[in-house]
file my_file_29.txt (compact mmCIF, C-alpha atoms and all ligand atoms)
# COMPACT_ATOMS: atom_id res chain seq x y z
CA MET A 1 4.92 -91.46 -89.84
CA ARG A 2 5.56 -92.77 -93.38
CA ASP A 3 8.51 -90.42 -93.86
CA LYS A 4 9.99 -91.49 -90.55
CA LEU A 5 9.66 -95.16 -91.41
CA GLN A 6 11.10 -94.56 -94.85
CA ILE A 7 14.12 -92.73 -93.42
CA LEU A 8 14.63 -95.37 -90.72
CA PHE A 9 14.64 -98.13 -93.31
CA ASP A 10 16.49 -96.36 -96.15
CA GLY A 11 19.08 -94.44 -94.14
CA ILE A 12 20.70 -91.26 -95.47
CA ARG A 13 23.67 -91.05 -97.79
CA TYR A 14 26.66 -88.86 -97.14
CA THR A 15 26.86 -85.29 -98.39
CA GLU A 16 29.24 -82.54 -97.37
CA SER A 17 26.29 -80.81 -95.69
CA LEU A 18 25.67 -83.89 -93.53
CA GLY A 19 29.35 -83.97 -92.62
CA ARG A 20 29.35 -80.26 -91.73
CA ALA A 21 26.25 -80.71 -89.57
CA ALA A 22 28.25 -83.13 -87.41
CA GLU A 23 30.45 -80.21 -86.33
CA HIS A 24 27.63 -78.77 -84.20
CA ALA A 25 25.30 -81.74 -83.77
CA PHE A 26 25.19 -84.53 -81.21
CA PRO A 27 27.51 -87.10 -82.82
CA ASN A 28 26.34 -90.48 -84.01
CA TYR A 29 27.73 -93.51 -82.17
CA TYR A 30 28.10 -95.23 -85.53
CA PRO A 31 30.36 -93.43 -87.99
CA TYR A 32 29.32 -93.25 -91.62
CA ARG A 33 31.03 -96.04 -93.59
CA PHE A 34 31.55 -95.27 -97.25
CA LYS A 35 30.68 -98.02 -99.71
CA SER A 36 33.22 -98.77 -102.36
CA GLY A 37 32.64 -96.56 -105.39
CA GLU A 38 30.45 -94.14 -103.47
CA PRO A 39 31.31 -90.43 -103.91
CA ASN A 40 33.51 -89.63 -100.93
CA PRO A 41 34.61 -86.04 -100.44
CA THR A 42 36.38 -86.85 -97.14
CA GLY A 43 39.16 -89.13 -98.37
CA GLY A 44 38.63 -91.39 -95.32
CA ASP A 45 36.83 -94.72 -94.92
CA THR A 46 34.46 -93.31 -92.32
CA ALA A 47 33.07 -89.93 -91.29
CA THR A 48 31.26 -88.55 -88.27
CA ILE A 49 27.60 -87.73 -88.88
CA PRO A 50 24.82 -86.41 -86.60
CA TYR A 51 22.85 -88.83 -84.45
CA LEU A 52 19.31 -87.46 -84.45
CA MET A 53 17.35 -85.37 -86.91
CA SER A 54 14.03 -83.53 -86.50
CA LEU A 55 11.62 -83.25 -89.41
CA GLU A 56 9.62 -80.08 -90.04
CA ASP A 57 6.75 -81.18 -87.78
CA GLY A 58 9.09 -82.03 -84.87
CA THR A 59 9.19 -85.79 -85.51
CA LEU A 60 12.51 -87.19 -84.32
CA VAL A 61 14.34 -89.81 -86.34
CA ARG A 62 17.66 -91.53 -86.01
CA VAL A 63 20.24 -90.82 -88.72
CA ARG A 64 21.62 -94.04 -90.17
CA GLY A 65 24.24 -93.62 -92.84
CA ASP A 66 23.68 -95.63 -96.00
CA GLY A 67 25.36 -94.93 -99.33
CA ALA A 68 22.58 -96.75 -101.21
CA SER A 69 19.87 -94.42 -99.94
CA SER A 70 18.26 -91.77 -102.12
CA TRP A 71 17.81 -89.46 -99.11
CA GLU A 72 20.35 -86.73 -98.70
CA VAL A 73 20.82 -83.55 -96.70
CA LYS A 74 21.71 -80.24 -98.30
CA GLY A 75 22.26 -76.74 -96.95
CA SER A 76 24.18 -75.39 -93.98
CA ALA A 77 23.75 -74.27 -90.40
CA GLY A 78 23.37 -70.64 -91.53
CA ALA A 79 21.00 -71.20 -94.44
CA GLY A 80 19.20 -74.14 -92.86
CA TYR A 81 19.32 -77.83 -93.74
CA ARG A 82 16.92 -79.56 -96.12
CA LEU A 83 16.22 -83.24 -96.55
CA THR A 84 15.59 -84.20 -100.11
CA ASP A 85 15.09 -87.26 -102.21
CA GLU A 86 17.19 -87.45 -105.35
CA SER A 87 14.35 -89.11 -107.22
CA GLY A 88 12.60 -85.76 -107.07
CA GLU A 89 9.40 -87.35 -105.75
CA ARG A 90 9.55 -85.25 -102.62
CA ARG A 91 9.93 -81.57 -102.05
CA ALA A 92 12.92 -80.57 -99.93
CA GLU A 93 11.83 -80.57 -96.28
CA PRO A 94 13.52 -78.35 -93.66
CA VAL A 95 15.26 -80.47 -91.01
CA SER A 96 17.38 -79.75 -87.97
CA PHE A 97 19.88 -81.81 -86.01
CA GLU A 98 19.95 -82.44 -82.30
CA PRO A 99 22.63 -79.96 -81.16
CA LEU A 100 25.71 -80.77 -79.14
CA PRO A 101 24.89 -79.24 -75.73
CA GLY A 102 27.37 -76.91 -74.01
CA TRP A 103 27.63 -79.07 -70.88
CA MET A 104 29.22 -81.83 -72.95
CA ASN A 105 32.38 -79.71 -73.18
CA ARG A 106 32.50 -78.93 -69.46
CA THR A 107 34.04 -80.84 -66.56
CA THR A 108 32.84 -81.67 -63.06
CA SER A 109 34.48 -80.09 -59.97
CA ASP A 110 37.04 -82.95 -59.89
CA GLY A 111 37.97 -82.36 -63.53
CA TRP A 112 36.00 -85.30 -65.00
CA PRO A 113 34.48 -84.70 -68.49
CA MET A 114 30.72 -84.30 -68.12
CA SER A 115 30.37 -86.10 -71.46
CA ARG A 116 31.54 -89.25 -69.59
CA ALA A 117 29.42 -88.86 -66.47
CA GLY A 118 26.67 -91.26 -67.63
CA ILE A 119 24.09 -88.97 -69.25
CA ASP A 120 22.97 -89.12 -72.88
CA LEU A 121 20.33 -87.05 -74.59
CA HIS A 122 17.75 -88.56 -76.91
CA GLY A 123 15.92 -85.45 -78.05
CA ASP A 124 14.12 -84.13 -74.96
CA MET A 125 14.91 -87.22 -72.88
CA ALA A 126 17.94 -87.46 -70.59
CA VAL A 127 19.01 -91.09 -70.32
CA ILE A 128 21.05 -91.87 -67.21
CA ASN A 129 23.27 -94.94 -67.26
CA VAL A 130 26.02 -95.12 -64.65
CA ALA A 131 26.07 -98.92 -64.43
CA PRO A 132 26.10 -100.09 -68.06
CA GLY A 133 27.71 -103.49 -67.49
CA CYS A 134 25.24 -106.38 -67.59
CA GLU A 135 25.95 -109.41 -65.42
CA TYR A 136 24.32 -111.76 -67.93
CA PHE A 137 27.45 -111.30 -70.02
CA GLY A 138 30.00 -113.87 -68.91
CA GLU A 139 27.31 -116.18 -67.44
CA ARG A 140 26.82 -119.49 -69.23
CA ARG A 141 24.28 -122.27 -68.68
CA ASP A 142 24.24 -125.52 -70.67
CA GLY A 143 26.97 -124.11 -72.87
CA GLY A 144 24.96 -121.05 -73.89
CA SER A 145 25.50 -117.40 -73.01
CA MET A 146 22.92 -115.73 -70.79
CA ARG A 147 23.05 -112.36 -72.53
CA CYS A 148 20.16 -111.32 -74.75
CA THR A 149 20.87 -112.47 -78.29
CA PHE A 150 20.56 -108.99 -79.84
CA CYS A 151 22.59 -107.13 -77.21
CA ALA A 152 25.91 -105.58 -78.09
CA TYR A 153 25.90 -102.77 -75.55
CA GLY A 154 25.83 -104.49 -72.15
CA ALA A 155 29.28 -106.07 -72.15
CA PRO A 156 31.13 -105.08 -68.98
CA GLY A 157 34.39 -103.47 -69.92
CA GLU A 158 36.07 -100.10 -69.90
CA ARG A 159 32.68 -98.36 -69.95
CA ALA A 160 31.59 -100.10 -66.72
CA ARG A 161 35.04 -99.78 -65.11
CA HIS A 162 35.21 -96.04 -65.34
CA PHE A 163 31.95 -95.78 -63.35
CA GLY A 164 33.44 -98.07 -60.70
CA GLN A 165 30.64 -100.58 -61.20
CA ALA A 166 31.46 -103.91 -59.50
CA ARG A 167 29.87 -107.27 -60.27
CA GLY A 168 27.45 -108.40 -57.57
CA LEU A 169 27.54 -105.06 -55.79
CA ALA A 170 24.51 -102.76 -55.94
CA GLU A 171 26.30 -99.68 -54.66
CA LEU A 172 28.16 -97.32 -56.96
CA PRO A 173 31.11 -95.19 -55.82
CA ASP A 174 30.33 -91.77 -54.34
CA THR A 175 32.48 -90.10 -56.99
CA THR A 176 30.32 -91.61 -59.75
CA LEU A 177 27.13 -90.34 -58.13
CA GLN A 178 28.67 -86.93 -57.39
CA ARG A 179 29.72 -86.51 -61.03
CA LEU A 180 26.28 -87.61 -62.14
CA GLN A 181 24.58 -85.06 -59.90
CA GLU A 182 26.82 -82.21 -61.06
CA THR A 183 26.29 -83.12 -64.71
CA LEU A 184 22.55 -83.52 -64.33
CA THR A 185 22.44 -80.11 -62.64
CA ALA A 186 24.20 -78.64 -65.69
CA VAL A 187 21.77 -80.45 -68.04
CA LEU A 188 18.75 -79.16 -66.12
CA GLU A 189 20.11 -75.60 -66.13
CA GLU A 190 21.02 -75.49 -69.81
CA ALA A 191 17.87 -76.90 -71.41
CA PRO A 192 15.67 -78.96 -69.09
CA PRO A 193 14.68 -82.29 -70.63
CA ARG A 194 11.04 -83.35 -70.45
CA HIS A 195 11.82 -86.86 -69.32
CA ILE A 196 14.55 -88.56 -67.29
CA TYR A 197 15.07 -92.26 -67.90
CA LEU A 198 17.18 -94.42 -65.58
CA VAL A 199 18.73 -97.48 -67.20
CA GLY A 200 21.57 -99.90 -66.54
CA GLY A 201 22.82 -103.43 -67.07
CA SER A 202 21.04 -106.27 -65.30
CA MET A 203 22.23 -107.90 -62.07
CA LEU A 204 21.88 -111.61 -61.40
CA ASP A 205 20.03 -110.84 -58.15
CA TRP A 206 16.96 -108.71 -58.88
CA ALA A 207 16.77 -107.54 -55.25
CA LEU A 208 20.27 -106.04 -55.59
CA GLU A 209 19.26 -104.45 -58.88
CA GLY A 210 16.28 -102.93 -57.08
CA ARG A 211 18.58 -101.49 -54.43
CA ARG A 212 20.84 -99.98 -57.10
CA PHE A 213 17.94 -98.24 -58.85
CA ILE A 214 16.45 -96.98 -55.58
CA GLU A 215 19.77 -95.36 -54.65
CA LEU A 216 20.15 -93.92 -58.14
CA ALA A 217 16.62 -92.50 -58.14
CA ARG A 218 17.23 -90.88 -54.73
CA LYS A 219 20.37 -89.17 -56.05
CA VAL A 220 18.51 -87.93 -59.13
CA GLN A 221 15.56 -86.62 -57.13
CA GLU A 222 17.88 -84.72 -54.74
CA ILE A 223 18.64 -82.30 -57.56
CA ASN A 224 15.49 -82.66 -59.70
CA ARG A 225 13.86 -79.61 -58.16
CA HIS A 226 11.38 -79.00 -60.98
CA ARG A 227 10.24 -82.59 -60.87
CA VAL A 228 10.99 -83.58 -64.44
CA PRO A 229 9.21 -86.97 -64.71
CA VAL A 230 11.56 -89.87 -63.96
CA ALA A 231 11.11 -93.42 -65.26
CA CYS A 232 12.84 -96.53 -63.90
CA GLY A 233 14.11 -98.63 -66.81
CA SER A 234 15.56 -101.50 -64.80
CA GLY A 235 14.81 -105.17 -65.24
CA ALA A 236 11.70 -106.47 -63.49
CA LEU A 237 12.02 -105.87 -59.74
CA PRO A 238 10.74 -107.67 -56.65
CA SER A 239 7.74 -106.43 -54.75
CA GLU A 240 9.69 -104.71 -51.93
CA SER A 241 11.71 -102.63 -54.40
CA LEU A 242 8.58 -101.52 -56.24
CA THR A 243 6.89 -100.57 -53.00
CA GLU A 244 9.86 -98.41 -51.98
CA LEU A 245 10.26 -96.78 -55.40
CA HIS A 246 6.58 -95.90 -55.43
CA GLY A 247 6.04 -95.18 -51.75
CA ASP A 248 8.95 -92.73 -51.56
CA GLY A 249 7.86 -91.00 -54.78
CA LEU A 250 11.18 -91.79 -56.47
CA VAL A 251 9.91 -92.48 -59.99
CA ASP A 252 6.79 -91.57 -61.95
CA ALA A 253 6.73 -94.52 -64.35
CA VAL A 254 8.51 -97.83 -64.88
CA CYS A 255 9.59 -99.76 -67.95
CA PHE A 256 10.68 -103.37 -67.54
CA ASN A 257 11.68 -104.70 -70.94
CA LEU A 258 10.16 -108.05 -71.78
CA GLU A 259 11.78 -107.73 -75.26
CA VAL A 260 9.51 -110.34 -76.94
CA TRP A 261 6.11 -111.85 -76.40
CA SER A 262 5.63 -115.54 -75.53
CA GLU A 263 7.57 -117.62 -73.07
CA PRO A 264 9.38 -119.81 -75.65
CA LEU A 265 10.72 -116.76 -77.51
CA PHE A 266 11.61 -115.00 -74.25
CA ALA A 267 13.62 -118.05 -73.18
CA LYS A 268 15.53 -118.09 -76.47
CA ILE A 269 16.06 -114.35 -76.97
CA ALA A 270 16.50 -113.20 -73.37
CA PRO A 271 17.92 -116.33 -71.66
CA GLY A 272 19.40 -114.40 -68.70
CA LYS A 273 16.11 -112.69 -67.92
CA ASN A 274 14.35 -116.02 -68.25
CA HIS A 275 16.83 -117.90 -66.04
CA PHE A 276 17.40 -115.36 -63.28
CA VAL A 277 13.92 -113.78 -63.12
CA GLY A 278 11.56 -115.89 -65.24
CA TYR A 279 8.79 -115.00 -67.67
CA ARG A 280 5.97 -115.40 -65.17
CA ARG A 281 7.71 -113.33 -62.48
CA TRP A 282 8.51 -110.66 -65.08
CA ILE A 283 4.84 -110.28 -65.92
CA ASP A 284 3.85 -110.44 -62.25
CA SER A 285 6.26 -107.59 -61.54
CA LEU A 286 4.73 -105.51 -64.36
CA GLU A 287 1.27 -106.22 -62.97
CA GLN A 288 2.29 -105.20 -59.48
CA ALA A 289 3.70 -101.97 -60.91
CA VAL A 290 0.30 -101.29 -62.50
CA ARG A 291 -1.36 -101.72 -59.09
CA LEU A 292 1.03 -99.13 -57.65
CA TRP A 293 1.49 -96.53 -60.41
CA GLY A 294 -1.73 -97.20 -62.31
CA PRO A 295 -2.40 -98.07 -65.97
CA GLY A 296 -0.54 -95.84 -68.43
CA ARG A 297 2.52 -95.51 -66.19
CA VAL A 298 3.92 -99.00 -66.76
CA TYR A 299 5.77 -99.89 -69.97
CA SER A 300 7.76 -102.70 -71.52
CA ALA A 301 10.17 -102.14 -74.41
CA MET A 302 10.11 -104.76 -77.14
CA VAL A 303 12.66 -105.56 -79.84
CA ALA A 304 10.40 -105.38 -82.85
CA GLY A 305 11.39 -107.67 -85.67
CA ILE A 306 13.85 -109.99 -83.97
CA GLU A 307 11.24 -112.76 -84.36
CA LEU A 308 11.94 -112.70 -88.10
CA GLU A 309 15.43 -114.10 -87.62
CA PRO A 310 15.52 -117.56 -89.28
CA ASP A 311 16.30 -119.24 -85.91
CA TYR A 312 12.73 -118.68 -84.71
CA GLY A 313 10.92 -120.12 -87.73
CA LEU A 314 8.15 -117.52 -87.93
CA SER A 315 6.76 -116.05 -91.13
CA THR A 316 6.24 -112.29 -91.29
CA ASP A 317 2.49 -112.67 -90.75
CA GLU A 318 2.94 -115.09 -87.85
CA ALA A 319 5.47 -112.79 -86.19
CA ALA A 320 3.16 -109.75 -86.48
CA GLU A 321 0.19 -111.77 -85.23
CA LEU A 322 2.11 -113.02 -82.20
CA ALA A 323 3.40 -109.52 -81.37
CA LEU A 324 -0.12 -108.08 -81.60
CA GLU A 325 -1.47 -110.88 -79.39
CA GLY A 326 1.14 -109.80 -76.84
CA ALA A 327 0.26 -106.13 -77.24
CA ALA A 328 -3.41 -106.84 -76.55
CA ASP A 329 -2.61 -109.03 -73.55
CA LEU A 330 -0.24 -106.46 -72.03
CA CYS A 331 -2.66 -103.57 -72.64
CA ASP A 332 -5.39 -105.54 -70.89
CA ARG A 333 -3.07 -105.81 -67.89
CA GLY A 334 -2.48 -102.04 -67.96
CA VAL A 335 1.03 -102.38 -69.41
CA LEU A 336 1.94 -100.49 -72.60
CA PRO A 337 4.57 -102.11 -74.82
CA ILE A 338 6.93 -99.83 -76.78
CA TYR A 339 8.31 -101.31 -79.98
CA SER A 340 11.82 -100.32 -81.06
CA LEU A 341 12.78 -101.29 -84.56
CA TYR A 342 15.34 -104.10 -84.56
CA PHE A 343 17.76 -103.39 -87.33
CA PRO A 344 20.27 -106.24 -87.45
CA VAL A 345 23.79 -105.68 -88.68
CA GLY A 346 23.84 -106.56 -92.36
CA ALA A 347 20.09 -106.04 -92.85
CA ALA A 348 20.73 -103.01 -95.07
CA GLY A 349 22.25 -105.29 -97.69
CA ASN A 350 19.47 -107.88 -97.54
CA LEU A 351 16.55 -106.47 -99.50
CA TRP A 352 14.28 -109.42 -98.83
CA HIS A 353 14.81 -109.14 -95.07
CA LEU A 354 14.30 -105.38 -95.18
CA SER A 355 11.01 -105.60 -97.00
CA GLU A 356 9.74 -108.32 -94.61
CA LEU A 357 10.88 -106.29 -91.61
CA ARG A 358 9.10 -103.24 -92.96
CA ALA A 359 5.87 -105.18 -93.63
CA TYR A 360 6.02 -106.61 -90.09
CA PHE A 361 6.74 -103.25 -88.45
CA GLU A 362 3.96 -101.45 -90.30
CA ALA A 363 1.41 -104.17 -89.52
CA LEU A 364 2.42 -104.06 -85.87
CA ALA A 365 2.39 -100.26 -85.61
CA VAL A 366 -1.03 -99.93 -87.24
CA GLY A 367 -2.53 -102.88 -85.36
CA TYR A 368 -1.17 -101.68 -82.02
CA ARG A 369 -2.54 -98.18 -82.57
CA ALA A 370 -5.98 -99.72 -83.13
CA LEU A 371 -5.62 -101.67 -79.87
CA ARG A 372 -4.70 -98.50 -77.96
CA MET A 373 -7.58 -96.56 -79.47
CA ALA A 374 -10.09 -99.30 -78.71
CA ARG A 375 -9.00 -99.20 -75.06
CA GLY A 376 -8.62 -95.42 -74.78
CA LEU A 377 -4.88 -95.77 -74.05
CA SER A 378 -2.01 -93.56 -75.16
CA ILE A 379 1.63 -93.20 -74.21
CA TRP A 380 1.93 -90.83 -71.22
CA ASP A 381 3.89 -87.82 -72.44
CA GLY A 382 5.77 -87.62 -69.15
CA PHE A 383 7.30 -90.96 -70.08
CA MET A 384 8.01 -90.46 -73.76
CA CYS A 385 6.91 -88.27 -76.67
CA HIS A 386 7.52 -87.70 -80.39
CA ARG A 387 10.52 -85.49 -79.56
CA CYS A 388 12.49 -88.35 -78.02
CA ALA A 389 11.14 -91.50 -79.68
CA TYR A 390 13.72 -91.83 -82.46
CA MET A 391 13.30 -95.53 -83.29
CA GLN A 392 9.67 -95.95 -82.21
CA VAL A 393 6.45 -94.67 -83.77
CA GLU A 394 3.75 -94.97 -81.08
CA CYS A 395 3.92 -91.30 -80.08
CA ASP A 396 3.94 -90.17 -83.73
CA LEU A 397 0.82 -92.22 -84.39
CA ASP A 398 -0.93 -91.14 -81.20
CA ARG A 399 -0.54 -87.48 -82.08
CA THR A 400 -1.95 -87.95 -85.57
CA VAL A 401 -5.22 -89.07 -84.01
CA ALA A 402 -5.17 -86.85 -80.90
S1 LIG A 501 19.50 -107.52 -69.95
FE1 LIG A 501 19.78 -108.15 -72.07
S2 LIG A 501 19.46 -106.27 -73.29
FE2 LIG A 501 19.82 -105.64 -71.16
S3 LIG A 501 22.01 -105.23 -71.05
FE3 LIG A 501 21.70 -107.36 -70.38
S4 LIG A 501 21.99 -108.59 -72.20
FE4 LIG A 501 21.69 -106.46 -72.88
call {"tool": "encode", "arguments": {"input": "my_file_29.txt", "output": "structure tokens", "more": "lines below"}}
Ligand code: SF4
result
Amino acid sequence: MRDKLQILFDGIRYTESLGRAAEHAFPNYYPYRFKSGEPNPTGGDTATIPYLMSLEDGTLVRVRGDGASSWEVKGSAGAGYRLTDESGERRAEPVSFEPLPGWMNRTTSDGWPMSRAGIDLHGDMAVINVAPGCEYFGERRDGGSMRCTFCAYGAPGERARHFGQARGLAELPDTTLQRLQETLTAVLEEAPPRHIYLVGGSMLDWALEGRRFIELARKVQEINRHRVPVACGSGALPSESLTELHGDGLVDAVCFNLEVWSEPLFAKIAPGKNHFVGYRRWIDSLEQAVRLWGPGRVYSAMVAGIELEPDYGLSTDEAAELALEGAADLCDRGVLPIYSLYFPVGAAGNLWHLSELRAYFEALAVGYRALRMARGLSIWDGFMCHRCAYMQVECDLDRTVA
């Protein structure tokens, strides 16, 4: 777990081996940006690098390029890659990169690239997102935007348009769903994932959002013949939607992201969720999900570390204490929070912020593991495991004590 944290925080600097690995690996969404004065064998300002790397024991970690890091990758596809630390404190550890799957170069029967059909792979998890546009973008109340403060990925735009997603409309075009089904069939045939995760942008009307996810889950289950576990990663949903999702056996787990603990922080950080659903209703929805699916099948992703932004006035200790209070409360309701490291743009250059963020994240990870152990809880491996959790450490910690 320490290596993973270290790599997440330090990043990895560019080497020719890392660049060559990108030729056969799943590409990173963020290109490597060379710092001025950094050795640059490419001649360009940026370079493509792999997205995800597996350590020798199977631990998955995101690759973040950083020219100031002492971590570097050497070797080749033929001879094998090794991660090493130029300080010489570590031995060179064999690593591998998440490969670019064959289906990503294929097309659907109507000639559409499968790589643009709405499926991403995070290790052994297939993430389905055919409605990425979030309706909180573009909504304003009292002069403020309704989108979550940290969110850069939900803006409706070209990405949403090519899926035919329309504002205020739950239904997606048949062509979108047909392409999704064909692509998912190819994914399942090539190398079946161990988890399927349905996500999408939020809708202003949670009942409509429920309808969208029910339809999506039905389409996925039509071709999910080996019953790979499916999780619904929508916003909180009303009672009728939950009853249908559960009663018709459409999903095996749910994850409604509260993002932060405490109503005042929720209102500031996730104003759209607070305005259109509400903190209390969000928690009620999670609790109802526990009554249906049972404890251990209901999750809530949290943005770990956003509380340290100066706007919220919390010290590192106060932020960790508040997050752990939330973890204990949610666990006692049968809901398991999952903490994803919040790595703000520009943090890499702010050493003070990085060290506070690291202290917070370690205190939270260790404290939360103790809470799970005291209650006999662990993350259900049908929902998530160490082979797909690339920015989270719960599954890594759970397996060290299993
Ligand atoms: S609900 Fe928040 S985090 Fe999710 S897409 Fe919308 S703005 Fe982004």
call {"tool": "closest_residue", "arguments": {"input": "my_file_29.txt", "among": "A:Ala92, A:Met125, A:Ile12, A:Ala131", "to": "ligand LIG 501 (chain A)", "atoms": "only C-alpha atoms and all ligand atoms"}}
result
A:Ala131
call {"tool": "closest_residue", "arguments": {"input": "my_file_29.txt", "among": "A:Met203, A:Val335, A:Val298, A:Leu354", "to": "ligand LIG 501 (chain A)", "atoms": "all atoms listed in the file"}}
result
A:Met203
call {"tool": "residues_near_ligand", "arguments": {"input": "my_file_29.txt", "ligand": "ligand LIG 501 (chain A)", "cutoff": "9 Å", "atoms": "only C-alpha atoms and all ligand atoms", "output": "ChimeraX atom specification"}}
result
/A:132-137,146-155,200-203,234-235,257,259,269-273
call {"tool": "atom_distance", "arguments": {"input": "my_file_29.txt", "atom1": "atom CA of Ser96 of chain A", "atom2": "atom CA of Ile196 of chain A"}}
result
22.7 Å
call {"tool": "residues_around", "arguments": {"input": "my_file_29.txt", "residues": "Gly67 of chain A", "least_positions_apart": "6", "cutoff": "7 Å", "atoms": "all atoms listed in the file", "output": "ChimeraX atom specification"}}
result
/A:13-14,34-35,38
call {"tool": "closest_residue", "arguments": {"input": "my_file_29.txt", "among": "A:Gly164, A:Gly210, A:Pro31, A:Gly58", "to": "Gly118 of chain A", "atoms": "all atoms listed in the file"}}
result
A:Gly164
call {"tool": "closest_residue", "arguments": {"input": "my_file_29.txt", "among": "A:Asp45, A:Asp10, A:Ala363, A:Asp142", "to": "Asn350 of chain A", "atoms": "only C-alpha atoms"}}
result
A:Asp10
call {"tool": "residues_near_point", "arguments": {"input": "my_file_29.txt", "point": "(28.4, -90.3, -55.3)", "cutoff": "12 Å", "atoms": "all atoms listed in the file", "output": "list in words"}}
result
Ala117, Val130, Phe163, Gly164, Glu171, Leu172, Pro173, Asp174, Thr175, Thr176, Leu177, Gln178, Arg179, Leu180, Gln181, Glu182, Glu215, Leu216, Arg218, Lys219, Val220 and Glu222 of chain A
call {"tool": "atom_distance", "arguments": {"input": "my_file_29.txt", "atom1": "atom CA of Pro99 of chain A", "atom2": "atom CA of Gln6 of chain A"}}
result
23.1 Å
call {"tool": "residues_around", "arguments": {"input": "my_file_29.txt", "residues": "Ser239 of chain A", "least_positions_apart": "2", "cutoff": "12 Å", "atoms": "all atoms listed in the file", "output": "PyMOL selection string"}}
result
chain A and resi 206-207+210-211+236-237+241-247+281-282+284-292
call {"tool": "atom_distance", "arguments": {"input": "my_file_29.txt", "atom1": "atom CA of Leu364 of chain A", "atom2": "atom CA of Leu55 of chain A"}}
result
23.0 Å
call {"tool": "residues_around", "arguments": {"input": "my_file_29.txt", "residues": "Met302 of chain A", "least_positions_apart": "4", "cutoff": "6 Å", "atoms": "only C-alpha atoms", "output": "PDB file with C-alpha atoms, keeping the file's coordinate frame"}}
result
ATOM      1  CA  GLU A 259      11.780-107.730 -75.260  1.00  0.00           C
ATOM      2  CA  VAL A 260       9.510-110.340 -76.940  1.00  0.00           C
ATOM      3  CA  ILE A 338       6.930 -99.830 -76.780  1.00  0.00           C
ATOM      4  CA  TYR A 339       8.310-101.310 -79.980  1.00  0.00           C
TER       5      TYR A 339
END
call {"tool": "closest_residue", "arguments": {"input": "my_file_29.txt", "among": "A:Ala328, A:Glu93, A:Thr183, A:Gly65", "to": "Pro113 of chain A", "atoms": "all atoms listed in the file"}}
result
A:Thr183
call {"tool": "closest_atom_pairs", "arguments": {"input": "my_file_29.txt", "of": "segment 109-181 of chain A", "to": "segment 379-396 of chain A", "cutoff": "12 Å", "atoms": "only C-alpha atoms", "output": "Markdown table"}}
result
| residue | atom | partner | partner_atom | distance |
| --- | --- | --- | --- | --- |
| A:Asp120 | CA | A:Cys388 | CA | 11.7 |
| A:Leu121 | CA | A:Cys388 | CA | 8.7 |
| A:His122 | CA | A:Cys388 | CA | 5.4 |
| A:Gly123 | CA | A:Cys388 | CA | 4.5 |
| A:Asp124 | CA | A:Cys388 | CA | 5.5 |
| A:Met125 | CA | A:Cys388 | CA | 5.8 |
| A:Ala126 | CA | A:Cys388 | CA | 9.3 |
| A:Val127 | CA | A:Cys388 | CA | 10.5 |
call {"tool": "closest_residue", "arguments": {"input": "my_file_29.txt", "among": "A:Glu139, A:Pro156, A:Pro264, A:Arg399", "to": "Asp57 of chain A", "atoms": "only C-alpha atoms"}}
result
A:Arg399
call {"tool": "residues_around", "arguments": {"input": "my_file_29.txt", "residues": "Glu86 of chain A", "least_positions_apart": "5", "cutoff": "12 Å", "atoms": "all atoms listed in the file", "output": "list in words"}}
result
Ile12, Arg13, Ala68, Ser69, Ser70, Trp71, Glu72, Val73, Lys74, Arg91 and Ala92 of chain A
call {"tool": "write_last_selection", "arguments": {"input": "my_file_29.txt", "atoms": "C-alpha atoms", "output": "mmCIF file, keeping the file's coordinate frame"}}
result
data_model
loop_
_atom_site.group_PDB
_atom_site.id
_atom_site.type_symbol
_atom_site.label_atom_id
_atom_site.label_comp_id
_atom_site.auth_asym_id
_atom_site.auth_seq_id
_atom_site.Cartn_x
_atom_site.Cartn_y
_atom_site.Cartn_z
ATOM 1 C CA ILE A 12 20.700 -91.260 -95.470
ATOM 2 C CA ARG A 13 23.670 -91.050 -97.790
ATOM 3 C CA ALA A 68 22.580 -96.750 -101.210
ATOM 4 C CA SER A 69 19.870 -94.420 -99.940
ATOM 5 C CA SER A 70 18.260 -91.770 -102.120
ATOM 6 C CA TRP A 71 17.810 -89.460 -99.110
ATOM 7 C CA GLU A 72 20.350 -86.730 -98.700
ATOM 8 C CA VAL A 73 20.820 -83.550 -96.700
ATOM 9 C CA LYS A 74 21.710 -80.240 -98.300
ATOM 10 C CA ARG A 91 9.930 -81.570 -102.050
ATOM 11 C CA ALA A 92 12.920 -80.570 -99.930
#
call {"tool": "closest_atom_pairs", "arguments": {"input": "my_file_29.txt", "of": "segment 252-330 of chain A", "to": "segment 359-362 of chain A", "cutoff": "10 Å", "atoms": "all atoms listed in the file", "output": "Markdown table"}}
result
| residue | atom | partner | partner_atom | distance |
| --- | --- | --- | --- | --- |
| A:Ala304 | CA | A:Phe361 | CA | 7.0 |
| A:Gly305 | CA | A:Phe361 | CA | 7.0 |
| A:Glu307 | CA | A:Tyr360 | CA | 9.9 |
| A:Leu308 | CA | A:Tyr360 | CA | 8.7 |
| A:Ser315 | CA | A:Tyr360 | CA | 9.5 |
| A:Thr316 | CA | A:Tyr360 | CA | 5.8 |
| A:Asp317 | CA | A:Tyr360 | CA | 7.0 |
| A:Glu318 | CA | A:Tyr360 | CA | 9.3 |
| A:Ala319 | CA | A:Tyr360 | CA | 7.3 |
| A:Ala320 | CA | A:Tyr360 | CA | 5.6 |
| A:Glu321 | CA | A:Tyr360 | CA | 9.2 |
| A:Ala323 | CA | A:Tyr360 | CA | 9.6 |
call {"tool": "residues_around", "arguments": {"input": "my_file_29.txt", "residues": "segment 41-44 of chain A", "least_positions_apart": "3", "cutoff": "9 Å", "atoms": "only C-alpha atoms", "output": "ChimeraX atom specification"}}
result
/A:15-16,19,34,47
